[in-house]
Amino acid sequence: MFIYHVRTAWLSLARNAGINLLTVFSLAVGLSLVAITVLSVFGLHTAVKEWTSGFGMVAYLAEGLPTKGQEALRDRLSREPGIRSVELVSAEDALRELEGALGKEMLQGLEANPLPASIRIFLSPGNLDVARVKELAGRLAGMDGIVEVEYGQKWVERMAVAARQFGLAGSALGLSLGIGIIFILSNTIKILFYRRAQEIDILKLLGATQGFIRAPFLIEGVFFGILSGGVAALGTFLARNWVSGKFGFVIETPWPLQFTEPLIVLVGAVLGLAGSFIALGRIRL
Amino acid sequence: MFIYHVRTAWLSLARNAGINLLTVFSLAVGLSLVAITVLSVFGLHTAVKEWTSGFGMVAYLAEGLPTKGQEALRDRLSREPGIRSVELVSAEDALRELEGALGKEMLQGLEANPLPASIRIFLSPGNLDVARVKELAGRLAGMDGIVEVEYGQKWVERMAVAARQFGLAGSALGLSLGIGIIFILSNTIKILFYRRAQEIDILKLLGATQGFIRAPFLIEGVFFGILSGGVAALGTFLARNWVSGKFGFVIETPWPLQFTEPLIVLVGAVLGLAGSFIALGRIRL
Amino acid sequence: MIAFDTVTKTYDGNKAIAGVSFEIQKGEMAFLTGPSGSGKTTLLRLVYREEVADQGRIVVAGWDLNKLDSTSIPFLRRNVGVVFQDFKLLPDRTVRDNVELTLRIQGIADDEARERVTSTLRLVGLRHKTDAYPPHLSGGEQQRVVIARAIIGNPAVLLADEPTGNLDPDTAKGIMDVFRTVHSRGGTILIATHDPNLYEHSGCRIFRLQEGKLLA
Amino acid sequence: MIAFDTVTKTYDGNKAIAGVSFEIQKGEMAFLTGPSGSGKTTLLRLVYREEVADQGRIVVAGWDLNKLDSTSIPFLRRNVGVVFQDFKLLPDRTVRDNVELTLRIQGIADDEARERVTSTLRLVGLRHKTDAYPPHLSGGEQQRVVIARAIIGNPAVLLADEPTGNLDPDTAKGIMDVFRTVHSRGGTILIATHDPNLYEHSGCRIFRLQEGKLLA
Ligand SMILES: Nc1ncnc2c1ncn2[C@@H]1O[C@H](COP(=O)(O)OP(=O)(O)OP(=O)(O)O)[C@@H](O)[C@H]1O
Ligand SMILES: Nc1ncnc2c1ncn2[C@@H]1O[C@H](COP(=O)(O)OP(=O)(O)OP(=O)(O)O)[C@@H](O)[C@H]1O
Ligand SMILES: [Mg+2]
Ligand SMILES: [Mg+2]
């Protein structure tokens with residue numbers, strides 16, 4: 001019986017190939033848009049993260065700490081989680097840099113080097129929310145041999161706020177786009193099936209049960225979903241490859257979103273099934 | 001005759017109120033998504049601009065320039081286009097700031113103040129592309145009494161690149177969403193009209209011309225467009241007001257996009273007309 | 001097999017069927033006639049429960065339609081073969097698929113279904129149109145597809161609504177022979193028709209409707 | 001008014017019309033008969049150019065259909081009223097709107113159209129169904145709506161395809177009277193039918209089709 005229904009569904013699709021292809025195309029575009037939107041939201045997150053990952057901290061070291069101690073501290077910090085790399089700046093280097101910045105003459109009057117040695121810390125990308133940076137800074141400041149930790153607090157906070165706002169706005173937008181488009185797509189299926197009220201009526205009069213009437217429609221819906229999901233998956237795959245090839249930009253997505261393409265097909269199938277189920281409504285015999 | 005066609009179109013809409021309302025709703029959601037997407041793209045631009053507008057420059061003044069001259073320069077700069085506000089920092093203030101930053105003891109050895117007076121410049125929002133900032137910096141540096149202009153070149157460039165990339169990506173995404181959704185919507189109309197092939201055939205056999213057959217469909221299409229455009233315009237209006245009320249964030253849009261709501265209705269009407277026109281295709285008599 | 005007891009059916013305030021009572025025995029063949037709009041089709045629709053009576057009681061093949069719950073309706077209908085006046089063929093399925101539908105709905109399997117379709121189509125003279133689609137058939141050919149679909153399931157009750165309206169006298173005679181064969185196998189048959197040639201000299205009972213009422 | 005010259009029409013390799021020649025004069029009323037599937041409907045379709053002949057020449061009301069460009073087709077059809085075998089009513093327009101359509105297509109204005117619809121519906125006995133929708137009509141009522149739609153425009157040529165297949169003998173007689181009235185006003189009429197009662201003793205010419213060929 002199942003084979004009969006599949007065959008019926010397939011013949012129905014084939015007999016009205018024109019409008020059905022158009023529908024598949026419509027669904028495929030819609031699913032692609034959903035996928036692109038979702039990927040863009042995560043892309044935005046990734047981009048913001050990467051972009052803010054250039055920021056770092058400076059830990060000022062205690063006066064009189066011997067070079068050995070400085071280096072030990074440097075090695076210790078470089079093993080801290082969340083820290084990408086560290087750079088030890090001796091007091092002499094610091095003075096040289098200041099001289100370079102202000103002009104040598106300006107600092108001629110200095111008798112002793114007033115500047116402390118420091119360790120420059122570059123954070124790992126993805127560690128740039130304010131709370132973590134603060135926490136890290138506090139922890140470092142409590143270490144023996146470290147006098148003070150400077151981390152451009154204003155900057156970090158500003159970035160973090162901006163990143164959060166962009167991220168929130170992007171997510172909200174992505175969510176409404178996704179829901180909206182899926183609503184439109186399930187309506188498309190409903191509108192497509194609407195004209196077949198007559199077919200349903202005839203089947204009812206011949207003594208068909210709800211299940212018998214529904215089966216080919218549901219199968220058609222799944223066909224629609226898988227076909228258009230496949231097209232959309234192909235499109236998304238190509239687009240994603242193009243972006244990452246051209247810009248070297250790989251979007252980080254949480255589980256299970258890294259399986260974007262199979263997911264699109266799945267979403268398509270579920271959408272097709274649900275869409276036709278809703279389209280059929282309760283068939284009154 | 002026109003009245004006859006309008007009446008026919010209206011009756012047809014009313015007779016199938018259910019599916020037609022669903023279609024209107026679908027179109028309205030789609031148009032809203034397009035509007036929201038377009039507004040978001042401009043919102044992104046606005047946000048990036050505002051956010052980057054906190055950056056500025058510092059112009060270091062020539063040693064020995066009298067206070068009068070410094071103030072004249074400050075006033076002159078404040079009248080420069082592209083500059084939002086300026087702040088004169090005397091050599092003494094600068095030293096005090098440096099002392100505050102490095103600790104008083106460190107600079108104790110200084111006999112004379114090595115620091116120059118300077119003018120801090122805050123740029124107008126929307127003046128933050130690299131070329132403009134560079135050009136302004138160059139122009140200021142050439143002025144009498146100004147020795148050097150510092151403007152955190154790396155920062156500005158970075159911001160500008162980021163802003164441009166976000167803007168480009170946003171625009172590309174917005175464009176493809178807009179086109180995609182409009183494609184889906186015109187297909188929706190096509191699918192809706194598909195089931196009426198029989199109606200068209202009957203009219204042909206009764207001797208109706210192409211124009212006579214098309215007229216009520218086109219009118220229906222425009223009805224659809226205006227109705228759903230109206231719903232979408234209302235939704236967009238409310239959403240926009242909510243956003244600007246809640247976040248005090250007013251999106252800058254170029255002409256004619258500030259007339260968002262009437263435009264949505266217009267786009268809806270054009271879409272409905274074009275959609276039904278395409279849906280009808282060339283009617284072979 | 002079919003029993004109406006003072007049945008009334010009203011459309012928009014007009015009585016299409018007005019207090020009709022009659023009984024058709026199992027294995028009986030009867031005719032229903034009357035002017036256009038007198039309620040013949042409505043009466044038949046009440047039998048297979050496309051319409052529900054406003055008043056009165058209808059019993060078909062042992063089912064009391066007033067007490068029928070909606071999940072039983074399909075099973076009632078499988079016992080009632082109907083030749084619809086307006087055909088009700090599925091335009092985008094072949095003649096074979098249309099006729100086979102009756103069997104498929106009853107869950108009859110592939111091989112048996114195929115054979116029965118072929119022989120039934122031969123019976124109505126449409127063997128050569130097996131793979132055609134209804135819109136490509138002549139009026140009379142479509143009508144015979146509907147007849148084939150109605151009889152293929154060996155229904156306990158066969159209702160035929162103007163089954164020869166699009167048939168020439170010779171073909172009509174052939175179809176009446178088919179009905180008589182079904183009847184001779186024990187089928188209960190009710191035929192609504194305008195054509196006196198069908199029922200005159202048939203020896204069957206004739207019900208005459210006039211404005212929804214059964215004439216004595 | 002209608003002239004066929006060795007016309008052939010093939011569907012999927014089968015000749016539905018095979019070398020048919022005949023001529024019907026202006027103001028003539030004639031009948032077309034033949035078994036189910038013999039090509040009657042196809043012949044009529046060729047007249048109003050729903051179908052195009054594969055071979056041969058057809059002239060209708062002065063239009064040579066071989067030379068007709070597609071923009072002229074609507075104007076040909078306005079001169080040909082057709083009672084379609086399968087009705088072709090618009091299900092979601094009222095009886096009035098369906099019948100009025102013929103006039104609207106010809107650009108006839110509101111007031112005149114209303115009046116003519118009312119009187120034509122009275123003619124076919126459906127005045128009381130003016131505001132009903134076709135799916136709510138009986139088979140014979142629908143058929144009469146189609147007849148009203150075909151005659152309301154006073155077409156030069158009237159084609160009727162099995163126009164009484166769903167009508168009881170009395171109503172059928174009434175419709176034939178309507179056709180005779182149209183004929184007496186100078187209309188050319190061709191009626192395809194299976195019912196010998198319609199054409200016997202009518203004194204009209206009778207064309208008999210058999211497998212697409214005209215019998216002598
Ligand atoms: N669904 C409906 N809604 C409203 N009125 C209806 C409906 N169906 C039938 N009628 C009306 O009920 C009356 C009886 O209709 P019915 O179809 O039973 O007649 P009939 O005897 O079959 O006529 P015919 O010989 O023309 O087919 C008619 O006047 C018809 O217009
Ligand atoms: N569109 C079509 N495609 C293929 N074959 C067709 C088509 N239309 C008609 N035929 C075939 O052509 C033949 C003649 O059909 P036509 O409708 O002219 O017969 P008819 O004389 O009107 O029959 P009836 O009395 O049953 O209405 C039939 O065998 C029919 O199946
Ligand atoms: Mg009837
Ligand atoms: Mg025919």
# chains A, B, ... in the order shown; residues from 1 in each chain; ligands from 1
call {"tool": "closest_atom_pairs", "arguments": {"of": "chain D", "to": "ligand 3", "cutoff": "10 Å", "atoms": "only C-alpha atoms and all ligand atoms", "output": "JSON lines"}}
result
{"residue": "D:Leu137", "atom": "CA", "partner": "ligand 3", "partner_atom_place_in_ligand_line": "1 (Mg)", "distance": 8.6}
{"residue": "D:Ser138", "atom": "CA", "partner": "ligand 3", "partner_atom_place_in_ligand_line": "1 (Mg)", "distance": 5.0}
{"residue": "D:Gly139", "atom": "CA", "partner": "ligand 3", "partner_atom_place_in_ligand_line": "1 (Mg)", "distance": 4.7}
{"residue": "D:Gly140", "atom": "CA", "partner": "ligand 3", "partner_atom_place_in_ligand_line": "1 (Mg)", "distance": 6.7}
{"residue": "D:Glu141", "atom": "CA", "partner": "ligand 3", "partner_atom_place_in_ligand_line": "1 (Mg)", "distance": 8.7}
{"residue": "D:Gln142", "atom": "CA", "partner": "ligand 3", "partner_atom_place_in_ligand_line": "1 (Mg)", "distance": 9.7}
{"residue": "D:Asn166", "atom": "CA", "partner": "ligand 3", "partner_atom_place_in_ligand_line": "1 (Mg)", "distance": 7.5}
{"residue": "D:Leu167", "atom": "CA", "partner": "ligand 3", "partner_atom_place_in_ligand_line": "1 (Mg)", "distance": 9.1}
call {"tool": "write_last_selection", "arguments": {"atoms": "N, CA, C and O atoms", "output": "mmCIF file, in the first residue's frame"}}
result
data_model
loop_
_atom_site.group_PDB
_atom_site.id
_atom_site.type_symbol
_atom_site.label_atom_id
_atom_site.label_comp_id
_atom_site.auth_asym_id
_atom_site.auth_seq_id
_atom_site.Cartn_x
_atom_site.Cartn_y
_atom_site.Cartn_z
ATOM 1 N N LEU D 137 -26.692 23.517 -8.068
ATOM 2 C CA LEU D 137 -27.796 23.252 -8.989
ATOM 3 C C LEU D 137 -27.842 21.773 -9.335
ATOM 4 O O LEU D 137 -26.842 21.072 -9.271
ATOM 5 N N SER D 138 -29.004 21.327 -9.735
ATOM 6 C CA SER D 138 -29.119 19.955 -10.218
ATOM 7 C C SER D 138 -28.491 19.884 -11.608
ATOM 8 O O SER D 138 -28.231 20.911 -12.240
ATOM 9 N N GLY D 139 -28.225 18.642 -12.077
ATOM 10 C CA GLY D 139 -27.590 18.454 -13.377
ATOM 11 C C GLY D 139 -28.356 19.154 -14.498
ATOM 12 O O GLY D 139 -27.768 19.860 -15.320
ATOM 13 N N GLY D 140 -29.667 18.975 -14.501
ATOM 14 C CA GLY D 140 -30.471 19.574 -15.559
ATOM 15 C C GLY D 140 -30.494 21.095 -15.454
ATOM 16 O O GLY D 140 -30.534 21.796 -16.474
ATOM 17 N N GLU D 141 -30.468 21.593 -14.242
ATOM 18 C CA GLU D 141 -30.439 23.050 -14.068
ATOM 19 C C GLU D 141 -29.137 23.632 -14.607
ATOM 20 O O GLU D 141 -29.137 24.663 -15.297
ATOM 21 N N GLN D 142 -28.036 22.955 -14.306
ATOM 22 C CA GLN D 142 -26.752 23.422 -14.835
ATOM 23 C C GLN D 142 -26.774 23.420 -16.362
ATOM 24 O O GLN D 142 -26.319 24.362 -17.010
ATOM 25 N N ASN D 166 -29.238 15.697 -19.645
ATOM 26 C CA ASN D 166 -29.604 15.696 -18.242
ATOM 27 C C ASN D 166 -31.021 16.223 -18.016
ATOM 28 O O ASN D 166 -31.362 16.615 -16.909
ATOM 29 N N LEU D 167 -31.796 16.235 -19.089
ATOM 30 C CA LEU D 167 -33.133 16.823 -18.958
ATOM 31 C C LEU D 167 -34.216 15.773 -19.145
ATOM 32 O O LEU D 167 -34.087 14.858 -19.963
#
call {"tool": "calpha_fit_and_write", "arguments": {"fixed": "chain D", "moving": "chain C", "output": "CSV table (one decimal) with C-alpha atoms, in the first residue's frame"}}
result
chain,number,residue,atom,x,y,z
C,1,MET,CA,-22.5,29.3,-42.6
C,2,ILE,CA,-20.4,26.2,-41.6
C,3,ALA,CA,-18.4,24.5,-44.3
C,4,PHE,CA,-16.0,21.5,-43.8
C,5,ASP,CA,-13.9,20.4,-46.7
C,6,THR,CA,-12.2,17.0,-46.2
C,7,VAL,CA,-11.3,17.8,-42.6
C,8,THR,CA,-9.2,15.5,-40.6
C,9,LYS,CA,-8.3,15.7,-36.9
C,10,THR,CA,-5.9,13.2,-35.3
C,11,TYR,CA,-5.4,12.6,-31.6
C,12,ASP,CA,-2.3,10.6,-30.7
C,13,GLY,CA,-2.4,8.9,-34.1
C,14,ASN,CA,-6.2,8.1,-34.0
C,15,LYS,CA,-8.4,9.9,-36.4
C,16,ALA,CA,-11.2,11.5,-34.4
C,17,ILE,CA,-12.4,13.2,-37.6
C,18,ALA,CA,-11.5,11.5,-40.9
C,19,GLY,CA,-12.0,13.4,-44.1
C,20,VAL,CA,-15.3,15.0,-43.2
C,21,SER,CA,-17.0,17.4,-45.8
C,22,PHE,CA,-20.4,19.0,-45.4
C,23,GLU,CA,-22.0,22.4,-45.5
C,24,ILE,CA,-24.7,24.0,-43.4
C,25,GLN,CA,-26.5,27.0,-44.8
C,26,LYS,CA,-27.2,30.2,-43.0
C,27,GLY,CA,-30.4,29.8,-41.1
C,28,GLU,CA,-30.3,26.0,-41.3
C,29,MET,CA,-30.9,23.7,-38.3
C,30,ALA,CA,-29.2,20.3,-38.4
C,31,PHE,CA,-28.4,17.4,-36.2
C,32,LEU,CA,-25.3,15.4,-35.6
C,33,THR,CA,-25.5,12.0,-34.2
C,34,GLY,CA,-23.4,8.8,-33.9
C,35,PRO,CA,-22.2,6.4,-31.2
C,36,SER,CA,-20.2,7.4,-28.2
C,37,GLY,CA,-16.7,8.4,-29.2
C,38,SER,CA,-17.5,8.8,-32.9
C,39,GLY,CA,-16.2,12.4,-33.0
C,40,LYS,CA,-19.3,14.7,-32.5
C,41,THR,CA,-17.7,16.8,-29.9
C,42,THR,CA,-14.4,17.0,-31.8
C,43,LEU,CA,-16.3,18.2,-34.9
C,44,LEU,CA,-18.0,21.0,-32.9
C,45,ARG,CA,-14.6,21.9,-31.3
C,46,LEU,CA,-13.2,22.4,-34.8
C,47,VAL,CA,-16.0,24.9,-35.6
C,48,TYR,CA,-15.2,27.3,-32.7
C,49,ARG,CA,-11.5,26.6,-33.0
C,50,GLU,CA,-10.9,25.0,-29.7
C,51,GLU,CA,-9.1,22.4,-31.9
C,52,VAL,CA,-7.3,23.0,-35.1
C,53,ALA,CA,-7.8,20.7,-38.1
C,54,ASP,CA,-4.8,18.7,-39.2
C,55,GLN,CA,-6.0,18.7,-42.8
C,56,GLY,CA,-8.8,20.2,-44.8
C,57,ARG,CA,-10.5,23.6,-44.7
C,58,ILE,CA,-13.1,25.0,-42.4
C,59,VAL,CA,-15.1,28.1,-43.0
C,60,VAL,CA,-17.4,29.5,-40.3
C,61,ALA,CA,-19.5,32.6,-40.7
C,62,GLY,CA,-17.2,33.8,-43.4
C,63,TRP,CA,-13.9,33.2,-41.4
C,64,ASP,CA,-11.5,30.7,-43.0
C,65,LEU,CA,-10.1,29.1,-39.9
C,66,ASN,CA,-6.9,28.1,-41.6
C,67,LYS,CA,-6.1,31.7,-42.2
C,68,LEU,CA,-7.4,33.0,-38.9
C,69,ASP,CA,-4.8,34.8,-36.8
C,70,SER,CA,-4.9,34.3,-33.1
C,71,THR,CA,-6.2,37.8,-32.3
C,72,SER,CA,-9.3,37.2,-34.4
C,73,ILE,CA,-10.2,34.0,-32.5
C,74,PRO,CA,-12.2,35.8,-29.8
C,75,PHE,CA,-14.3,37.5,-32.4
C,76,LEU,CA,-15.0,34.2,-34.2
C,77,ARG,CA,-16.1,32.7,-30.9
C,78,ARG,CA,-18.4,35.6,-30.1
C,79,ASN,CA,-20.4,34.6,-33.2
C,80,VAL,CA,-20.6,31.0,-32.1
C,81,GLY,CA,-22.7,30.1,-29.0
C,82,VAL,CA,-21.8,26.7,-27.6
C,83,VAL,CA,-23.7,24.4,-25.2
C,84,PHE,CA,-20.8,22.4,-24.0
C,85,GLN,CA,-21.3,18.8,-23.2
C,86,ASP,CA,-19.3,19.2,-20.0
C,87,PHE,CA,-21.0,22.5,-19.1
C,88,LYS,CA,-17.9,24.6,-18.4
C,89,LEU,CA,-19.6,26.8,-15.9
C,90,LEU,CA,-17.6,29.0,-13.5
C,91,PRO,CA,-18.3,27.4,-10.1
C,92,ASP,CA,-17.7,30.5,-8.1
C,93,ARG,CA,-19.9,32.9,-10.0
C,94,THR,CA,-23.7,33.0,-9.7
C,95,VAL,CA,-26.0,31.8,-12.5
C,96,ARG,CA,-26.6,35.4,-13.4
C,97,ASP,CA,-22.8,36.2,-13.7
C,98,ASN,CA,-22.2,33.0,-15.7
C,99,VAL,CA,-24.9,33.9,-18.2
C,100,GLU,CA,-24.0,37.6,-18.3
C,101,LEU,CA,-20.4,36.7,-19.1
C,102,THR,CA,-21.3,36.2,-22.8
C,103,LEU,CA,-22.6,39.8,-23.0
C,104,ARG,CA,-19.8,41.3,-20.9
C,105,ILE,CA,-17.2,39.8,-23.2
C,106,GLN,CA,-19.0,41.5,-26.0
C,107,GLY,CA,-18.8,44.8,-24.1
C,108,ILE,CA,-22.6,45.1,-23.6
C,109,ALA,CA,-23.4,47.5,-20.8
C,110,ASP,CA,-24.9,47.0,-17.4
C,111,ASP,CA,-28.6,47.7,-17.8
C,112,GLU,CA,-29.1,45.9,-21.1
C,113,ALA,CA,-27.2,42.9,-19.8
C,114,ARG,CA,-29.2,42.6,-16.7
C,115,GLU,CA,-32.5,42.6,-18.5
C,116,ARG,CA,-31.4,40.1,-21.1
C,117,VAL,CA,-30.1,37.8,-18.5
C,118,THR,CA,-33.4,37.8,-16.6
C,119,SER,CA,-35.5,37.2,-19.7
C,120,THR,CA,-33.2,34.4,-21.0
C,121,LEU,CA,-33.2,32.7,-17.6
C,122,ARG,CA,-37.0,32.8,-17.7
C,123,LEU,CA,-36.9,31.2,-21.1
C,124,VAL,CA,-35.0,28.2,-19.8
C,125,GLY,CA,-37.1,28.0,-16.6
C,126,LEU,CA,-34.4,29.1,-14.2
C,127,ARG,CA,-35.5,32.5,-13.1
C,128,HIS,CA,-35.7,31.3,-9.5
C,129,LYS,CA,-32.1,30.2,-9.6
C,130,THR,CA,-30.6,33.5,-10.7
C,131,ASP,CA,-28.4,33.9,-7.6
C,132,ALA,CA,-27.5,30.3,-7.1
C,133,TYR,CA,-24.0,29.0,-7.7
C,134,PRO,CA,-23.6,26.1,-10.2
C,135,PRO,CA,-22.4,23.5,-7.7
C,136,HIS,CA,-25.7,24.0,-5.9
C,137,LEU,CA,-27.8,23.2,-9.0
C,138,SER,CA,-29.1,19.9,-10.2
C,139,GLY,CA,-27.6,18.4,-13.4
C,140,GLY,CA,-30.5,19.6,-15.5
C,141,GLU,CA,-30.5,23.1,-14.1
C,142,GLN,CA,-26.8,23.4,-14.8
C,143,GLN,CA,-27.4,22.3,-18.4
C,144,ARG,CA,-30.0,25.0,-18.8
C,145,VAL,CA,-27.6,27.6,-17.5
C,146,VAL,CA,-25.2,26.6,-20.2
C,147,ILE,CA,-28.0,26.8,-22.8
C,148,ALA,CA,-28.9,30.3,-21.6
C,149,ARG,CA,-25.3,31.4,-21.8
C,150,ALA,CA,-25.0,30.0,-25.3
C,151,ILE,CA,-28.1,31.7,-26.7
C,152,ILE,CA,-28.1,35.1,-24.9
C,153,GLY,CA,-25.7,36.7,-27.3
C,154,ASN,CA,-27.9,35.9,-30.3
C,155,PRO,CA,-24.9,34.1,-32.0
C,156,ALA,CA,-24.9,33.6,-35.7
C,157,VAL,CA,-24.1,30.0,-35.1
C,158,LEU,CA,-25.4,27.9,-32.2
C,159,LEU,CA,-23.7,24.6,-31.4
C,160,ALA,CA,-25.3,22.3,-28.8
C,161,ASP,CA,-23.5,19.2,-27.6
C,162,GLU,CA,-25.9,16.8,-26.0
C,163,PRO,CA,-28.0,19.6,-24.7
C,164,THR,CA,-30.7,17.5,-23.2
C,165,GLY,CA,-28.6,14.6,-21.7
C,166,ASN,CA,-29.6,15.7,-18.2
C,167,LEU,CA,-33.1,16.8,-19.0
C,168,ASP,CA,-36.4,15.0,-18.6
C,169,PRO,CA,-38.5,14.7,-21.7
C,170,ASP,CA,-40.8,17.6,-20.9
C,171,THR,CA,-38.0,20.0,-20.2
C,172,ALA,CA,-36.1,18.7,-23.2
C,173,LYS,CA,-39.1,19.6,-25.3
C,174,GLY,CA,-39.1,23.1,-23.9
C,175,ILE,CA,-35.5,23.5,-24.7
C,176,MET,CA,-36.1,22.3,-28.3
C,177,ASP,CA,-38.8,25.0,-28.5
C,178,VAL,CA,-36.2,27.5,-27.5
C,179,PHE,CA,-33.8,26.3,-30.2
C,180,ARG,CA,-36.6,26.5,-32.7
C,181,THR,CA,-37.3,30.1,-31.7
C,182,VAL,CA,-33.6,30.9,-32.2
C,183,HIS,CA,-33.8,29.2,-35.6
C,184,SER,CA,-36.9,31.0,-36.6
C,185,ARG,CA,-35.0,34.3,-36.0
C,186,GLY,CA,-32.5,33.2,-38.5
C,187,GLY,CA,-29.9,31.4,-36.3
C,188,THR,CA,-27.9,28.6,-37.8
C,189,ILE,CA,-28.0,25.6,-35.4
C,190,LEU,CA,-26.1,22.3,-35.2
C,191,ILE,CA,-27.1,20.0,-32.4
C,192,ALA,CA,-25.1,16.9,-31.5
C,193,THR,CA,-27.3,14.3,-29.7
C,194,HIS,CA,-28.0,10.7,-29.0
C,195,ASP,CA,-31.6,11.2,-28.5
C,196,PRO,CA,-33.6,10.1,-31.6
C,197,ASN,CA,-36.7,11.8,-30.2
C,198,LEU,CA,-35.0,15.1,-30.9
C,199,TYR,CA,-34.3,14.7,-34.5
C,200,GLU,CA,-36.8,12.2,-35.8
C,201,HIS,CA,-39.7,13.9,-37.4
C,202,SER,CA,-37.9,17.2,-37.1
C,203,GLY,CA,-37.6,17.7,-40.8
C,204,CYS,CA,-34.0,18.7,-40.4
C,205,ARG,CA,-30.9,17.2,-42.0
C,206,ILE,CA,-29.1,14.6,-39.9
C,207,PHE,CA,-25.4,14.0,-40.1
C,208,ARG,CA,-24.3,10.6,-38.8
C,209,LEU,CA,-20.8,10.1,-37.7
C,210,GLN,CA,-19.2,6.7,-37.3
C,211,GLU,CA,-15.5,6.5,-36.2
C,212,GLY,CA,-14.9,10.0,-37.4
C,213,LYS,CA,-16.5,9.5,-40.9
C,214,LEU,CA,-19.7,11.0,-42.1
C,215,LEU,CA,-22.1,8.3,-43.2
C,216,ALA,CA,-24.0,9.1,-46.4
call {"tool": "select_by_dssp", "arguments": {"residues": "stretch 138-280 of chain A", "states": "alpha helix (DSSP H)", "output": "ChimeraX atom specification"}}
result
/A:138-141,153-194,197-205,210-247,260-280
call {"tool": "interface_residues", "arguments": {"of": "chain A", "to": "chain C", "cutoff": "7 Å", "atoms": "only C-alpha atoms", "output": "ChimeraX atom specification"}}
result
/A:15,199,202,205-209,285
call {"tool": "residues_around", "arguments": {"residues": "B:Glu63", "least_positions_apart": "2", "cutoff": "8 Å", "atoms": "only C-alpha atoms", "output": "mmCIF file with N, CA, C and O atoms, in the first residue's frame"}}
result
data_model
loop_
_atom_site.group_PDB
_atom_site.id
_atom_site.type_symbol
_atom_site.label_atom_id
_atom_site.label_comp_id
_atom_site.auth_asym_id
_atom_site.auth_seq_id
_atom_site.Cartn_x
_atom_site.Cartn_y
_atom_site.Cartn_z
ATOM 1 N N LEU B 61 50.806 71.192 19.496
ATOM 2 C CA LEU B 61 51.049 72.585 19.096
ATOM 3 C C LEU B 61 52.537 72.939 19.232
ATOM 4 O O LEU B 61 53.280 72.310 20.007
ATOM 5 N N LEU B 65 54.059 78.706 21.459
ATOM 6 C CA LEU B 65 52.872 79.392 20.927
ATOM 7 C C LEU B 65 52.126 79.977 22.119
ATOM 8 O O LEU B 65 51.808 79.274 23.078
ATOM 9 N N PRO B 116 54.337 69.041 25.007
ATOM 10 C CA PRO B 116 53.773 70.188 24.297
ATOM 11 C C PRO B 116 52.290 70.356 24.655
ATOM 12 O O PRO B 116 51.666 69.430 25.166
ATOM 13 N N ALA B 117 51.772 71.528 24.366
ATOM 14 C CA ALA B 117 50.322 71.714 24.455
ATOM 15 C C ALA B 117 49.689 71.014 23.259
ATOM 16 O O ALA B 117 50.356 70.782 22.259
#
call {"tool": "atom_distance", "arguments": {"atom1": "atom CA of A:Asn113", "atom2": "atom CA of B:Glu97"}}
result
19.2 Å
call {"tool": "residues_around", "arguments": {"residues": "A:Gly43", "least_positions_apart": "5", "cutoff": "12 Å", "atoms": "only C-alpha atoms", "output": "list in words"}}
result
Ala35, Ile36, Thr37, Val38, Val48, Lys49, Glu50, Trp51, Phe166, Gly167, Gly170, Ser171, Gly174, Arg240, Val243, Ser244, Phe249, Val250, Ile251, Glu252, Thr253 and Pro254 of chain A; Phe166, Ala169, Gly170 and Leu173 of chain B
call {"tool": "residues_around", "arguments": {"residues": "stretch 138-148 of chain B", "least_positions_apart": "4", "cutoff": "8 Å", "atoms": "only C-alpha atoms", "output": "PyMOL selection string"}}
result
chain B and resi 59-62+65+69-70+73+134
call {"tool": "write_last_selection", "arguments": {"atoms": "C-alpha atoms", "output": "mmCIF file, in the first residue's frame"}}
result
data_model
loop_
_atom_site.group_PDB
_atom_site.id
_atom_site.type_symbol
_atom_site.label_atom_id
_atom_site.label_comp_id
_atom_site.auth_asym_id
_atom_site.auth_seq_id
_atom_site.Cartn_x
_atom_site.Cartn_y
_atom_site.Cartn_z
ATOM 1 C CA ALA B 59 47.105 68.003 17.255
ATOM 2 C CA TYR B 60 50.375 68.883 19.040
ATOM 3 C CA LEU B 61 51.049 72.585 19.096
ATOM 4 C CA ALA B 62 54.340 74.363 18.482
ATOM 5 C CA LEU B 65 52.872 79.392 20.927
ATOM 6 C CA GLY B 69 47.440 81.712 19.578
ATOM 7 C CA GLN B 70 46.479 78.345 21.019
ATOM 8 C CA LEU B 73 43.774 77.747 16.703
ATOM 9 C CA LYS B 134 43.963 61.150 6.695
#
call {"tool": "select_by_dssp", "arguments": {"residues": "stretch 66-246 of chain B", "states": "strand (DSSP E)", "output": "PyMOL selection string"}}
result
chain B and resi 83-89+118-123+146-150
